[in-house]
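Asker: Input: one structure, supplied below.
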Amino acid sequence: MPGLSIHVVDVARGLVATGLRVEVWDLSTGAQVAEGRIDTTGLLPSPALSARFEPGPYEARFHVADYYRGTGQTLPATPFLDVVHYRFGIDDPAQHYHLPFKMTPWGYSCFRGGA
């Protein structure tokens, strides 16, 4: 199954990050591939992500500060993390690329998972 999936967990609160805004960009073309908000399962629901992706560089943008402000978390006027830009590459379009993203207001982890 080709494509891309993004799963986000708010580890500071021990919950999936429902409502977090995420964008996916194709850096080869400068085109936005997908945009949406993380759903109640922790996934970014976008039909565009099930497509076969051409090899090349991509970027996922996670709107961390807006998410935490929306949960009522008090952040500094200049947050430590605002929009996290995570650049990754797709080499084999036949493979599925899964990006688990774990975050707090102060740090994050993103890697290629096995989904």
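Numbering starts fresh at 1 for the residues of each chain in the structure tokens, the chains themselves are lettered A, B, ... in the order given, and ligands are numbered from 1 as they appear.
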Just asking: which residues within segment 21-110 of chain A are helix (DSSP H, G or I) according to DSSP, as a list in words?
Answerer: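 Written out, the helix (DSSP H, G or I) residues of segment 21-110 of chain A are Pro47, Ala48, Leu49, Ser50, Val64, Ala65, Asp66, Tyr67, Tyr68, Arg69 and Gly70 of chain A.
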Asker: I need the residues from that last selection saved to file as a PDB file, in the first residue's frame (with N, CA, C and O atoms), if you can.
Answerer:
```pdb
ATOM      1  N   PRO A  47      -7.565  12.056   1.793  1.00  0.00           N
ATOM      2  CA  PRO A  47      -7.487  11.094   0.697  1.00  0.00           C
ATOM      3  C   PRO A  47      -6.209  11.247  -0.130  1.00  0.00           C
ATOM      4  O   PRO A  47      -5.702  10.279  -0.683  1.00  0.00           O
ATOM      5  N   ALA A  48      -5.669  12.460  -0.187  1.00  0.00           N
ATOM      6  CA  ALA A  48      -4.454  12.704  -0.977  1.00  0.00           C
ATOM      7  C   ALA A  48      -3.262  11.914  -0.456  1.00  0.00           C
ATOM      8  O   ALA A  48      -2.331  11.613  -1.206  1.00  0.00           O
ATOM      9  N   LEU A  49      -3.290  11.542   0.818  1.00  0.00           N
ATOM     10  CA  LEU A  49      -2.155  10.822   1.396  1.00  0.00           C
ATOM     11  C   LEU A  49      -2.101   9.355   0.986  1.00  0.00           C
ATOM     12  O   LEU A  49      -1.078   8.696   1.178  1.00  0.00           O
ATOM     13  N   SER A  50      -3.179   8.832   0.425  1.00  0.00           N
ATOM     14  CA  SER A  50      -3.172   7.433  -0.012  1.00  0.00           C
ATOM     15  C   SER A  50      -2.642   7.280  -1.436  1.00  0.00           C
ATOM     16  O   SER A  50      -2.520   6.170  -1.945  1.00  0.00           O
ATOM     17  N   VAL A  64       2.169  23.387  16.262  1.00  0.00           N
ATOM     18  CA  VAL A  64       2.216  22.981  17.665  1.00  0.00           C
ATOM     19  C   VAL A  64       1.688  24.064  18.611  1.00  0.00           C
ATOM     20  O   VAL A  64       0.861  23.782  19.480  1.00  0.00           O
ATOM     21  N   ALA A  65       2.169  25.300  18.480  1.00  0.00           N
ATOM     22  CA  ALA A  65       1.760  26.354  19.418  1.00  0.00           C
ATOM     23  C   ALA A  65       0.256  26.616  19.344  1.00  0.00           C
ATOM     24  O   ALA A  65      -0.399  26.736  20.390  1.00  0.00           O
ATOM     25  N   ASP A  66      -0.297  26.698  18.141  1.00  0.00           N
ATOM     26  CA  ASP A  66      -1.744  26.916  18.014  1.00  0.00           C
ATOM     27  C   ASP A  66      -2.530  25.791  18.674  1.00  0.00           C
ATOM     28  O   ASP A  66      -3.559  26.027  19.317  1.00  0.00           O
ATOM     29  N   TYR A  67      -2.043  24.567  18.508  1.00  0.00           N
ATOM     30  CA  TYR A  67      -2.710  23.415  19.134  1.00  0.00           C
ATOM     31  C   TYR A  67      -2.745  23.575  20.652  1.00  0.00           C
ATOM     32  O   TYR A  67      -3.799  23.451  21.285  1.00  0.00           O
ATOM     33  N   TYR A  68      -1.576  23.839  21.253  1.00  0.00           N
ATOM     34  CA  TYR A  68      -1.536  23.933  22.710  1.00  0.00           C
ATOM     35  C   TYR A  68      -2.321  25.132  23.231  1.00  0.00           C
ATOM     36  O   TYR A  68      -2.966  25.038  24.283  1.00  0.00           O
ATOM     37  N   ARG A  69      -2.294  26.231  22.519  1.00  0.00           N
ATOM     38  CA  ARG A  69      -3.127  27.371  22.938  1.00  0.00           C
ATOM     39  C   ARG A  69      -4.607  26.974  22.916  1.00  0.00           C
ATOM     40  O   ARG A  69      -5.377  27.360  23.786  1.00  0.00           O
ATOM     41  N   GLY A  70      -4.992  26.181  21.909  1.00  0.00           N
ATOM     42  CA  GLY A  70      -6.374  25.722  21.803  1.00  0.00           C
ATOM     43  C   GLY A  70      -6.792  24.776  22.917  1.00  0.00           C
ATOM     44  O   GLY A  70      -7.985  24.637  23.194  1.00  0.00           O
TER      45      GLY A  70
END
```
Asker: What is the atom CA of Ile90 of chain A-atom CA of Pro57 of chain A distance in Å, reported with one decimal?
Answerer: 6.5 Å
Asker: Could you tell me which of A:Leu27, A:Ile38, A:Ala12, A:Leu4 comes closest to His63 of chain A if we count only C-alpha atoms?
Answerer: A:Ile38
Asker: Given only C-alpha atoms as the basis, pick out the residue of A:Phe53, A:Arg61, A:Ala31, A:Pro79 nearest to Asp92 of chain A.
Answerer: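 Distance minimum relative to Asp92 of chain A lands on A:Phe53.
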Asker: Applying 12 Å and only C-alpha atoms, which residues near Gly89 of chain A remain after dropping the ones on its own chain fewer than 5 positions away? List them as a CSV table (one decimal) with N, CA, C and O atoms, in the first residue's frame.
Answerer:
```csv
chain,number,residue,atom,x,y,z
A,4,LEU,N,1.3,7.9,2.4
A,4,LEU,CA,1.9,8.5,3.6
A,4,LEU,C,0.8,8.5,4.6
A,4,LEU,O,-0.4,8.8,4.3
A,25,TRP,N,3.8,19.2,2.2
A,25,TRP,CA,4.2,19.9,1.0
A,25,TRP,C,5.2,19.0,0.2
A,25,TRP,O,6.0,18.3,0.8
A,26,ASP,N,5.1,19.1,-1.1
A,26,ASP,CA,6.0,18.5,-2.0
A,26,ASP,C,7.1,19.6,-2.3
A,26,ASP,O,6.8,20.6,-3.0
A,27,LEU,N,8.3,19.4,-1.8
A,27,LEU,CA,9.3,20.4,-2.0
A,27,LEU,C,9.9,20.5,-3.4
A,27,LEU,O,10.5,21.5,-3.8
A,28,SER,N,9.7,19.4,-4.2
A,28,SER,CA,10.2,19.5,-5.6
A,28,SER,C,9.4,20.4,-6.4
A,28,SER,O,9.9,21.1,-7.3
A,53,PHE,N,3.4,8.6,-4.0
A,53,PHE,CA,4.2,9.8,-4.0
A,53,PHE,C,5.4,9.6,-4.9
A,53,PHE,O,6.1,8.5,-4.9
A,54,GLU,N,5.7,10.6,-5.7
A,54,GLU,CA,7.0,10.6,-6.5
A,54,GLU,C,8.2,10.7,-5.6
A,54,GLU,O,8.1,11.3,-4.5
A,55,PRO,N,9.3,10.1,-5.9
A,55,PRO,CA,10.5,10.2,-5.1
A,55,PRO,C,10.9,11.7,-5.0
A,55,PRO,O,10.7,12.5,-6.0
A,56,GLY,N,11.4,12.1,-3.9
A,56,GLY,CA,11.8,13.4,-3.7
A,56,GLY,C,11.6,13.9,-2.3
A,56,GLY,O,11.2,13.2,-1.4
A,57,PRO,N,11.9,15.2,-2.1
A,57,PRO,CA,11.8,15.8,-0.7
A,57,PRO,C,10.4,16.3,-0.4
A,57,PRO,O,9.8,16.9,-1.3
A,58,TYR,N,10.0,16.1,0.8
A,58,TYR,CA,8.7,16.5,1.3
A,58,TYR,C,8.8,17.2,2.6
A,58,TYR,O,9.9,17.0,3.3
A,59,GLU,N,7.8,17.9,3.1
A,59,GLU,CA,7.8,18.5,4.4
A,59,GLU,C,6.5,18.4,5.0
A,59,GLU,O,5.5,18.7,4.3
A,60,ALA,N,6.4,18.0,6.3
A,60,ALA,CA,5.2,18.1,7.1
A,60,ALA,C,5.4,19.3,8.0
A,60,ALA,O,6.4,19.4,8.6
A,97,TYR,N,4.9,5.2,3.7
A,97,TYR,CA,5.7,6.0,4.6
A,97,TYR,C,4.8,6.5,5.8
A,97,TYR,O,3.9,7.2,5.6
A,98,HIS,N,5.1,6.0,7.0
A,98,HIS,CA,4.4,6.4,8.2
A,98,HIS,C,5.2,7.3,9.1
A,98,HIS,O,6.3,7.0,9.4
A,99,LEU,N,4.6,8.4,9.4
A,99,LEU,CA,5.3,9.4,10.2
A,99,LEU,C,4.6,9.6,11.6
A,99,LEU,O,3.7,10.3,11.7
A,111,PHE,N,9.7,10.3,13.2
A,111,PHE,CA,10.6,9.3,12.6
A,111,PHE,C,9.7,8.5,11.6
A,111,PHE,O,8.5,8.7,11.5
A,112,ARG,N,10.4,7.6,10.8
A,112,ARG,CA,9.6,6.8,9.9
A,112,ARG,C,9.3,5.5,10.7
A,112,ARG,O,10.1,4.8,11.2
```
Asker: Write out as a VMD selection string all residues of segment 63-99 of chain A that backbone DSSP assigns to strand (DSSP E or B).
Answerer: chain A and resid 63 83 to 90 96 to 99
Asker: Of the residues A:Pro76, A:Val24, A:Met1, A:Lys102, which is the one nearest to Gly42 of chain A, using only C-alpha atoms?
Answerer: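 For Gly42 of chain A, the nearest of the given residues is A:Lys102.
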Asker: Please identify all polymer residues within 9 Å of Arg52 of chain A, counting only C-alpha atoms, omitting same-chain residues fewer than 4 positions from it, and present them as an MDAnalysis selection string.
Answerer: chainID A and resid 1:4 93:96
Asker: Measuring between only C-alpha atoms, which one of A:Gly30, A:Val9, A:Pro105, A:Thr40 shows the shortest distance to Thr78 of chain A?
Answerer: A:Pro105
Asker: Let me make sure I understand: among A:Ala17, A:Trp106, A:Thr29, A:Phe62, which one has the smallest atom-to-atom distance to Leu75 of chain A if we use only C-alpha atoms?
Answerer: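 Closest candidate: A:Trp106.
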Asker: Would you mind listing what lies within 10 Å of Asp39 of chain A as a list in words, with only C-alpha atoms counted and same-chain residues fewer than 2 positions away left out?
Answerer: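 Counting only C-alpha atoms, the residues come to His7, Val8, Val16, Ala17, Thr18, Gly19, Leu20, Arg21, Gly36, Arg37, Thr41, Gly42, Leu43, Leu44 and Pro45 of chain A.
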